[in-house]
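Engineer: Okay, so here is start-v1.pdb, and as you'll see once you scroll down, it has PDB, C-alpha atoms.
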ATOM      1  CA  MET A 430      39.459  79.982  -8.754  1.00  0.00           C
ATOM      2  CA  GLY A 431      39.503  80.925 -12.429  1.00  0.00           C
ATOM      3  CA  ILE A 432      42.154  82.791 -14.323  1.00  0.00           C
ATOM      4  CA  SER A 433      41.760  86.554 -14.078  1.00  0.00           C
ATOM      5  CA  ILE A 434      42.298  89.036 -16.892  1.00  0.00           C
ATOM      6  CA  TRP A 435      45.511  90.268 -15.246  1.00  0.00           C
ATOM      7  CA  GLN A 436      47.005  86.790 -15.254  1.00  0.00           C
ATOM      8  CA  LEU A 437      46.153  86.379 -18.930  1.00  0.00           C
ATOM      9  CA  LEU A 438      47.757  89.743 -19.741  1.00  0.00           C
ATOM     10  CA  ILE A 439      50.936  88.780 -17.868  1.00  0.00           C
ATOM     11  CA  VAL A 440      51.151  85.469 -19.749  1.00  0.00           C
ATOM     12  CA  LEU A 441      50.523  87.284 -23.057  1.00  0.00           C
ATOM     13  CA  GLY A 442      53.276  89.795 -22.240  1.00  0.00           C
ATOM     14  CA  ILE A 443      55.753  87.024 -21.470  1.00  0.00           C
ATOM     15  CA  VAL A 444      54.886  85.195 -24.701  1.00  0.00           C
ATOM     16  CA  ILE A 445      55.389  88.402 -26.709  1.00  0.00           C
ATOM     17  CA  LEU A 446      58.749  88.995 -25.036  1.00  0.00           C
ATOM     18  CA  LEU A 447      59.901  85.437 -25.714  1.00  0.00           C
ATOM     19  CA  PHE A 448      58.791  85.071 -29.324  1.00  0.00           C
ATOM     20  CA  GLY A 449      58.332  88.606 -30.628  1.00  0.00           C
ATOM     21  CA  THR A 450      55.387  89.967 -32.557  1.00  0.00           C
ATOM     22  CA  LYS A 451      56.750  88.964 -35.980  1.00  0.00           C
ATOM     23  CA  LYS A 452      57.161  85.317 -34.974  1.00  0.00           C
ATOM     24  CA  LEU A 453      53.707  85.261 -33.344  1.00  0.00           C
ATOM     25  CA  ARG A 454      52.157  86.715 -36.498  1.00  0.00           C
ATOM     26  CA  ASN A 455      53.815  83.994 -38.603  1.00  0.00           C
ATOM     27  CA  ILE A 456      52.617  81.294 -36.219  1.00  0.00           C
ATOM     28  CA  GLY A 457      49.073  82.690 -36.366  1.00  0.00           C
ATOM     29  CA  THR A 458      49.144  82.820 -40.166  1.00  0.00           C
ATOM     30  CA  ASP A 459      50.417  79.239 -40.405  1.00  0.00           C
ATOM     31  CA  LEU A 460      47.829  78.015 -37.914  1.00  0.00           C
ATOM     32  CA  GLY A 461      45.028  79.808 -39.764  1.00  0.00           C
ATOM     33  CA  GLY A 462      46.153  78.319 -43.084  1.00  0.00           C
ATOM     34  CA  ALA A 463      46.233  74.842 -41.577  1.00  0.00           C
ATOM     35  CA  ILE A 464      42.718  75.237 -40.182  1.00  0.00           C
ATOM     36  CA  ARG A 465      41.422  76.541 -43.537  1.00  0.00           C
ATOM     37  CA  GLY A 466      43.028  73.632 -45.346  1.00  0.00           C
ATOM     38  CA  PHE A 467      41.504  71.153 -42.927  1.00  0.00           C
ATOM     39  CA  LYS A 468      38.028  72.667 -43.289  1.00  0.00           C
ATOM     40  CA  LYS A 469      38.365  72.706 -47.084  1.00  0.00           C
ATOM     41  CA  SER A 470      39.346  69.043 -47.195  1.00  0.00           C
ATOM     42  CA  MET A 471      36.444  68.137 -44.904  1.00  0.00           C
ATOM     43  CA  ASN A 472      34.013  70.056 -47.137  1.00  0.00           C
ATOM     44  CA  ASP A 473      35.482  68.431 -50.257  1.00  0.00           C
ATOM     45  CA  GLU A 474      34.961  65.002 -48.701  1.00  0.00           C
ATOM     46  CA  ASP A 475      31.340  65.846 -47.836  1.00  0.00           C
ATOM     47  CA  THR A 476      30.519  67.167 -51.306  1.00  0.00           C
ATOM     48  CA  LYS A 477      32.344  64.260 -52.930  1.00  0.00           C
ATOM     49  CA  SER A 478      30.077  61.751 -51.223  1.00  0.00           C
ATOM     50  CA  GLU A 479      26.951  63.776 -52.092  1.00  0.00           C
ATOM     51  CA  ASP A 480      27.996  64.637 -55.675  1.00  0.00           C
ATOM     52  CA  PRO A 481      26.332  62.275 -58.178  1.00  0.00           C
ATOM     53  CA  ASP A 482      29.096  62.940 -60.696  1.00  0.00           C
ATOM     54  CA  SER A 483      31.826  61.756 -58.359  1.00  0.00           C
ATOM     55  CA  LEU A 484      34.101  58.935 -59.419  1.00  0.00           C
ATOM     56  CA  GLU A 485      32.550  56.536 -56.937  1.00  0.00           C
ATOM     57  CA  ALA A 486      29.050  57.198 -58.271  1.00  0.00           C
ATOM     58  CA  GLN A 487      30.274  56.723 -61.827  1.00  0.00           C
ATOM     59  CA  ALA A 488      31.948  53.434 -60.915  1.00  0.00           C
ATOM     60  CA  ASP A 489      28.745  52.208 -59.243  1.00  0.00           C
ATOM     61  CA  GLU A 490      26.710  53.144 -62.307  1.00  0.00           C
ATOM     62  CA  GLN A 491      29.126  51.356 -64.632  1.00  0.00           C
ATOM     63  CA  THR A 492      28.965  48.253 -62.431  1.00  0.00           C
ATOM     64  CA  ARG A 493      25.147  48.310 -62.562  1.00  0.00           C
ATOM     65  CA  GLN A 494      25.143  48.740 -66.323  1.00  0.00           C
ATOM     66  CA  ALA A 495      27.592  45.872 -66.783  1.00  0.00           C
ATOM     67  CA  ALA A 496      25.457  43.633 -64.572  1.00  0.00           C
ATOM     68  CA  GLU A 497      22.336  44.475 -66.599  1.00  0.00           C
ATOM     69  CA  GLU A 498      24.069  43.832 -69.933  1.00  0.00           C
ATOM     70  CA  LYS A 499      25.422  40.384 -69.047  1.00  0.00           C
ATOM     71  CA  PRO A 500      22.027  38.573 -68.972  1.00  0.00           C
ATOM     72  CA  ARG A 501      21.018  40.181 -72.273  1.00  0.00           C
ATOM     73  CA  ASP A 502      24.217  38.978 -73.940  1.00  0.00           C
ATOM     74  CA  LYS A 503      23.572  35.398 -72.796  1.00  0.00           C
ATOM     75  CA  THR A 504      20.063  35.388 -74.238  1.00  0.00           C
ATOM     76  CA  LYS A 505      21.285  36.695 -77.608  1.00  0.00           C
ATOM     77  CA  SER A 506      23.869  33.918 -77.999  1.00  0.00           C
TER      78      SER A 506
END
Go ahead and express the file in the form of structure tokens.
Structural biologist:
Amino acid sequence: MGISIWQLLIVLGIVILLFGTKKLRNIGTDLGGAIRGFKKSMNDEDTKSEDPDSLEAQADEQTRQAAEEKPRDKTKS
């Protein structure tokens, strides 16, 4: 009881009649841009967490350096 190719073609024809090819092309372009933007942001997030030069990694390194310097300063005083 699946959908046949003829039923899909009828639905496609009705959609084209309702919206027009120009509107459908704009919708497709907008949808494609949104998907590309989403994938790009997901990839940026992944590389950000793996990138050693990221701001988070730099902040962690600065915290470690500050923690190592504090005991040395106390011994010098």
Engineer: Find the axis-aligned box for stretch 433-448 of chain A, covering all its listed atoms and adding 8 Å on each side, and write its centre and edge lengths in Å to one decimal as AutoDock Vina command-line options.
Structural biologist:
--center_x 50.8 --center_y 87.7 --center_z -21.7 --size_x 34.1 --size_y 21.2 --size_z 31.2
Engineer: To one decimal place in Å, what is the distance between atom CA of A:Val444 and atom CA of A:Gly461?
Structural biologist: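 Separation between atom CA of A:Val444 and atom CA of A:Gly461: 18.8 Å.
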Engineer: Can you work out the spacing between atom CA of A:Leu438 and atom CA of A:Arg465 in Å, to one decimal?
Structural biologist: 27.9 Å
Engineer: Please compute the atom CA of A:Leu441-atom CA of A:Asp459 distance, one decimal, in Å.
Structural biologist: 19.1 Å
